Amino acid sequence: MEKMTQDYAKYTSEDTAVWNTLFERQLKNLPGKAHPEYLHCLDQLSEVLNPNKIPDFSELNEKLMAENGWSIVVVPGLIPVDDFFKLLSEKKFCSSTWLRQMSQLDYLEEPDMFHDIFGHIPLLMNSEYARFVQKFGEMGVKYGYDKTVEKQLQRLYWFTIEFGLIKQQNLTRIYGAGILSSSGESNHIYDDDITVLPYDVEKILDNDFITSEIQTQYYEIETYEQLFESVGELEENLMEEVKVV
């Protein structure tokens, strides 16, 4: 994959306005909805990740590398799944550098930098979550050559890293980036017409999803430790699928 970099000089005044608008909106929207650990991690990064300026990836990388050894790799958009798995296994998270337009604040077909950075990056400061993401990547490298397994891993990614929920005492809170970065999704999960199920790796691997529609079904973990510990169960399921002896 060709190496890309963030060209910071190319950002326009509209880009800055979009970043500020989206960030400020979610800062007001997420307290009481996002899991406190996400908000804590966001605060830890506030010097280099805030509404006042578009983040400089080199500054973010310094913070991420010092905490848990992660870094951001610039990609043009969606990349081949096998490349994605490999990067995660190496503690490298993919991000585009482009931002949506003002007319696209509420809906975007393909993830932009606000989704990638605001949604995904903060929780990589949490060691258990970061270890899960890396191990997920390793499972993809190890078993993803099987197309059925690749699809199952995409389902797990969707229902955890993108649209995962987590308990806080008896309350439902958000940790999935697809919800955290969207005002519509982060409000929708408290609607009456959604279903929240206990986290179950085996069920998730068999549960399909539609990317173009707002979600109606979610899975809820108890702790980030549970998420990481479930990697063992994940591998058992994948080994059975590819019939590894």
# chains A, B, ... in the order shown; residues from 1 in each chain; ligands from 1
>>> residues_around(residues="region 231-245 of chain A", least_positions_apart="6", cutoff="10 Å", atoms="only C-alpha atoms", output="PyMOL selection string")
chain A and resi 131-133+135-136+139-140+142-150+152-153+156+200-202+205
>>> residues_around(residues="region 45-62 of chain A", least_positions_apart="2", cutoff="6 Å", atoms="only C-alpha atoms", output="ChimeraX atom specification")
/A:20,23,42-43,64-65,71
>>> closest_atom_pairs(of="region 37-138 of chain A", to="region 218-227 of chain A", cutoff="9 Å", atoms="only C-alpha atoms", output="JSON lines")
{"residue": "A:Asn126", "atom": "CA", "partner": "A:Tyr224", "partner_atom": "CA", "distance": 8.7}
{"residue": "A:Ser127", "atom": "CA", "partner": "A:Tyr224", "partner_atom": "CA", "distance": 8.9}
{"residue": "A:Glu128", "atom": "CA", "partner": "A:Glu225", "partner_atom": "CA", "distance": 5.7}
{"residue": "A:Tyr129", "atom": "CA", "partner": "A:Tyr224", "partner_atom": "CA", "distance": 5.7}
{"residue": "A:Phe132", "atom": "CA", "partner": "A:Leu227", "partner_atom": "CA", "distance": 6.6}
>>> residues_around(residues="Phe163 (chain A)", least_positions_apart="5", cutoff="10 Å", atoms="only C-alpha atoms", output="list in words")
Leu156, Tyr157, Trp158, Ile174, Tyr175, Gly176, Ala177, Gly178, Ile179, Leu180, Glu185, Ser186, Ile189, Gln215, Gln217, Tyr218, Tyr219 and Glu220 of chain A
>>> write_last_selection(atoms="N, CA and C atoms", output="compact mmCIF listing (two decimals), in the first residue's frame")
# COMPACT_ATOMS: atom_id res chain seq x y z
N LEU A 156 -18.19 -8.70 13.59
CA LEU A 156 -17.72 -8.42 14.95
C LEU A 156 -17.23 -6.98 15.05
N TYR A 157 -16.49 -6.53 14.05
CA TYR A 157 -16.01 -5.15 14.03
C TYR A 157 -17.20 -4.18 14.09
N TRP A 158 -18.21 -4.48 13.31
CA TRP A 158 -19.39 -3.60 13.23
C TRP A 158 -20.09 -3.49 14.58
N ILE A 174 -22.22 4.38 25.37
CA ILE A 174 -21.67 4.18 24.03
C ILE A 174 -20.15 4.07 24.08
N TYR A 175 -19.60 3.11 23.30
CA TYR A 175 -18.16 3.13 23.04
C TYR A 175 -17.84 2.95 21.55
N GLY A 176 -18.83 2.59 20.74
CA GLY A 176 -18.60 2.38 19.30
C GLY A 176 -18.44 3.68 18.55
N ALA A 177 -17.44 3.75 17.67
CA ALA A 177 -17.09 4.99 16.97
C ALA A 177 -18.18 5.48 16.04
N GLY A 178 -18.93 4.53 15.44
CA GLY A 178 -20.00 4.93 14.53
C GLY A 178 -21.12 5.67 15.23
N ILE A 179 -21.27 5.41 16.53
CA ILE A 179 -22.28 6.12 17.33
C ILE A 179 -21.69 7.40 17.90
N LEU A 180 -20.48 7.30 18.43
CA LEU A 180 -19.84 8.46 19.07
C LEU A 180 -19.67 9.64 18.11
N GLU A 185 -27.01 8.96 15.53
CA GLU A 185 -26.87 7.62 16.12
C GLU A 185 -26.81 7.69 17.64
N SER A 186 -26.10 8.68 18.17
CA SER A 186 -25.93 8.75 19.63
C SER A 186 -27.22 9.15 20.33
N ILE A 189 -29.89 5.57 19.92
CA ILE A 189 -29.79 4.36 20.73
C ILE A 189 -30.68 4.38 21.97
N GLN A 215 -29.06 1.87 12.74
CA GLN A 215 -29.07 0.58 13.43
C GLN A 215 -30.31 0.42 14.31
N GLN A 217 -30.31 -2.83 16.21
CA GLN A 217 -29.88 -3.87 17.13
C GLN A 217 -28.42 -3.66 17.53
N TYR A 218 -28.16 -3.77 18.82
CA TYR A 218 -26.83 -3.52 19.35
C TYR A 218 -26.47 -4.61 20.35
N TYR A 219 -25.17 -4.77 20.61
CA TYR A 219 -24.69 -5.68 21.64
C TYR A 219 -23.95 -4.88 22.70
N GLU A 220 -24.14 -5.27 23.95
CA GLU A 220 -23.62 -4.51 25.08
C GLU A 220 -22.64 -5.34 25.90
>>> closest_residue(among="A:Thr21, A:Thr5, A:Thr211, A:Ser95", to="Leu78 (chain A)", atoms="only C-alpha atoms")
A:Ser95
>>> residues_around(residues="Leu30 (chain A)", least_positions_apart="5", cutoff="10 Å", atoms="only C-alpha atoms", output="number ranges by chain")
A: 25, 35-36, 38-39, 173-174, 179-183, 186-187
>>> write_last_selection(atoms="N, CA and C atoms", output="mmCIF file, in the first residue's frame")
data_model
loop_
_atom_site.group_PDB
_atom_site.id
_atom_site.type_symbol
_atom_site.label_atom_id
_atom_site.label_comp_id
_atom_site.auth_asym_id
_atom_site.auth_seq_id
_atom_site.Cartn_x
_atom_site.Cartn_y
_atom_site.Cartn_z
ATOM 1 N N ARG A 25 -20.641 19.965 18.663
ATOM 2 C CA ARG A 25 -21.959 19.336 18.778
ATOM 3 C C ARG A 25 -21.882 18.055 19.596
ATOM 4 N N HIS A 35 -19.649 6.371 27.215
ATOM 5 C CA HIS A 35 -19.055 5.800 28.415
ATOM 6 C C HIS A 35 -18.016 6.781 28.963
ATOM 7 N N PRO A 36 -17.968 6.962 30.280
ATOM 8 C CA PRO A 36 -17.024 7.921 30.868
ATOM 9 C C PRO A 36 -15.569 7.699 30.462
ATOM 10 N N TYR A 38 -14.439 6.822 27.530
ATOM 11 C CA TYR A 38 -14.209 7.515 26.261
ATOM 12 C C TYR A 38 -13.994 9.008 26.506
ATOM 13 N N LEU A 39 -14.853 9.601 27.319
ATOM 14 C CA LEU A 39 -14.737 11.034 27.600
ATOM 15 C C LEU A 39 -13.427 11.343 28.323
ATOM 16 N N ARG A 173 -24.286 2.736 27.877
ATOM 17 C CA ARG A 173 -23.436 3.811 27.394
ATOM 18 C C ARG A 173 -22.775 3.402 26.077
ATOM 19 N N ILE A 174 -22.222 4.380 25.370
ATOM 20 C CA ILE A 174 -21.672 4.181 24.026
ATOM 21 C C ILE A 174 -20.149 4.065 24.076
ATOM 22 N N ILE A 179 -21.270 5.407 16.532
ATOM 23 C CA ILE A 179 -22.281 6.118 17.326
ATOM 24 C C ILE A 179 -21.688 7.403 17.897
ATOM 25 N N LEU A 180 -20.483 7.305 18.434
ATOM 26 C CA LEU A 180 -19.843 8.456 19.070
ATOM 27 C C LEU A 180 -19.670 9.637 18.113
ATOM 28 N N SER A 181 -19.416 9.343 16.848
ATOM 29 C CA SER A 181 -19.142 10.422 15.887
ATOM 30 C C SER A 181 -20.392 10.934 15.185
ATOM 31 N N SER A 182 -21.566 10.380 15.536
ATOM 32 C CA SER A 182 -22.811 10.769 14.876
ATOM 33 C C SER A 182 -23.840 11.245 15.887
ATOM 34 N N SER A 183 -24.311 12.472 15.728
ATOM 35 C CA SER A 183 -25.326 12.972 16.661
ATOM 36 C C SER A 183 -26.624 12.183 16.514
ATOM 37 N N SER A 186 -26.097 8.682 18.173
ATOM 38 C CA SER A 186 -25.933 8.753 19.625
ATOM 39 C C SER A 186 -27.225 9.145 20.331
ATOM 40 N N ASN A 187 -28.159 9.733 19.625
ATOM 41 C CA ASN A 187 -29.487 9.985 20.188
ATOM 42 C C ASN A 187 -30.413 8.790 19.951
#
>>> select_by_dssp(residues="region 13-65 of chain A", states="alpha helix (DSSP H)", output="number ranges by chain")
A: 13-29, 36-44, 57-65
>>> closest_atom_pairs(of="region 102-193 of chain A", to="region 81-88 of chain A", cutoff="6 Å", atoms="only C-alpha atoms", output="JSON lines")
{"residue": "A:Gln134", "atom": "CA", "partner": "A:Leu88", "partner_atom": "CA", "distance": 5.3}
{"residue": "A:Gly137", "atom": "CA", "partner": "A:Phe85", "partner_atom": "CA", "distance": 4.4}
{"residue": "A:Gly140", "atom": "CA", "partner": "A:Phe85", "partner_atom": "CA", "distance": 5.2}
{"residue": "A:Val141", "atom": "CA", "partner": "A:Phe85", "partner_atom": "CA", "distance": 5.8}
>>> closest_residue(among="A:Met113, A:Ala34, A:Ile166, A:Val75", to="Arg100 (chain A)", atoms="only C-alpha atoms")
A:Met113
>>> atom_distance(atom1="CA of Ala66 (chain A)", atom2="CA of Ile117 (chain A)")
17.4 Å
>>> select_by_dssp(residues="region 3-245 of chain A", states="strand (DSSP E or B)", output="list in words")
Ala34, Asn50, Lys53, Ser71, Ile72, Val73, Val74, Lys92, Phe93, Cys94, Ser95, Leu165, Ile166, Lys167, Gln168, Leu171, Thr172, Arg173, Ile174, Thr195, Val196, Leu197, Pro198, Gln217, Tyr218, Tyr219, Glu220 and Ile221 of chain A
>>> closest_residue(among="A:Asp208, A:Glu109, A:Asp192, A:Glu138", to="Gln154 (chain A)", atoms="only C-alpha atoms")
A:Asp208
>>> residues_around(residues="Asp15 (chain A)", least_positions_apart="3", cutoff="9 Å", atoms="only C-alpha atoms", output="mmCIF file with N, CA, C and O atoms, in the first residue's frame")
data_model
loop_
_atom_site.group_PDB
_atom_site.id
_atom_site.type_symbol
_atom_site.label_atom_id
_atom_site.label_comp_id
_atom_site.auth_asym_id
_atom_site.auth_seq_id
_atom_site.Cartn_x
_atom_site.Cartn_y
_atom_site.Cartn_z
ATOM 1 N N TYR A 11 -5.970 22.230 4.168
ATOM 2 C CA TYR A 11 -7.270 22.418 4.818
ATOM 3 C C TYR A 11 -7.764 23.848 4.622
ATOM 4 O O TYR A 11 -7.009 24.812 4.724
ATOM 5 N N THR A 12 -9.062 23.962 4.342
ATOM 6 C CA THR A 12 -9.678 25.253 4.060
ATOM 7 C C THR A 12 -10.417 25.776 5.294
ATOM 8 O O THR A 12 -10.557 25.073 6.300
ATOM 9 N N VAL A 18 -16.241 22.943 9.651
ATOM 10 C CA VAL A 18 -16.892 21.631 9.755
ATOM 11 C C VAL A 18 -16.371 20.886 10.975
ATOM 12 O O VAL A 18 -17.144 20.332 11.769
ATOM 13 N N TRP A 19 -15.041 20.857 11.127
ATOM 14 C CA TRP A 19 -14.439 20.172 12.281
ATOM 15 C C TRP A 19 -14.964 20.757 13.590
ATOM 16 O O TRP A 19 -15.382 20.035 14.488
ATOM 17 N N ASN A 20 -14.954 22.064 13.693
ATOM 18 C CA ASN A 20 -15.400 22.737 14.914
ATOM 19 C C ASN A 20 -16.872 22.450 15.193
ATOM 20 O O ASN A 20 -17.256 22.147 16.335
ATOM 21 N N ILE A 54 -8.142 21.556 13.382
ATOM 22 C CA ILE A 54 -8.067 20.230 12.793
ATOM 23 C C ILE A 54 -6.820 19.548 13.348
ATOM 24 O O ILE A 54 -5.742 20.155 13.378
ATOM 25 N N TRP A 98 -9.601 13.734 4.692
ATOM 26 C CA TRP A 98 -10.594 14.656 4.141
ATOM 27 C C TRP A 98 -11.783 14.795 5.099
ATOM 28 O O TRP A 98 -12.077 13.902 5.884
ATOM 29 N N LEU A 99 -12.445 15.936 5.014
ATOM 30 C CA LEU A 99 -13.619 16.208 5.845
ATOM 31 C C LEU A 99 -14.846 16.435 4.977
ATOM 32 O O LEU A 99 -14.758 16.981 3.874
ATOM 33 N N ARG A 100 -15.978 16.006 5.494
ATOM 34 C CA ARG A 100 -17.254 16.228 4.807
ATOM 35 C C ARG A 100 -17.513 17.727 4.619
ATOM 36 O O ARG A 100 -16.866 18.567 5.268
ATOM 37 N N GLN A 101 -18.492 18.053 3.802
ATOM 38 C CA GLN A 101 -18.880 19.446 3.600
ATOM 39 C C GLN A 101 -19.958 19.838 4.616
ATOM 40 O O GLN A 101 -20.562 18.982 5.264
ATOM 41 N N MET A 102 -20.196 21.119 4.741
ATOM 42 C CA MET A 102 -21.217 21.606 5.674
ATOM 43 C C MET A 102 -22.595 21.011 5.361
ATOM 44 O O MET A 102 -23.399 20.769 6.247
#
>>> residues_around(residues="Pro111 (chain A)", least_positions_apart="5", cutoff="8 Å", atoms="only C-alpha atoms", output="ChimeraX atom specification")
/A:77,96,116
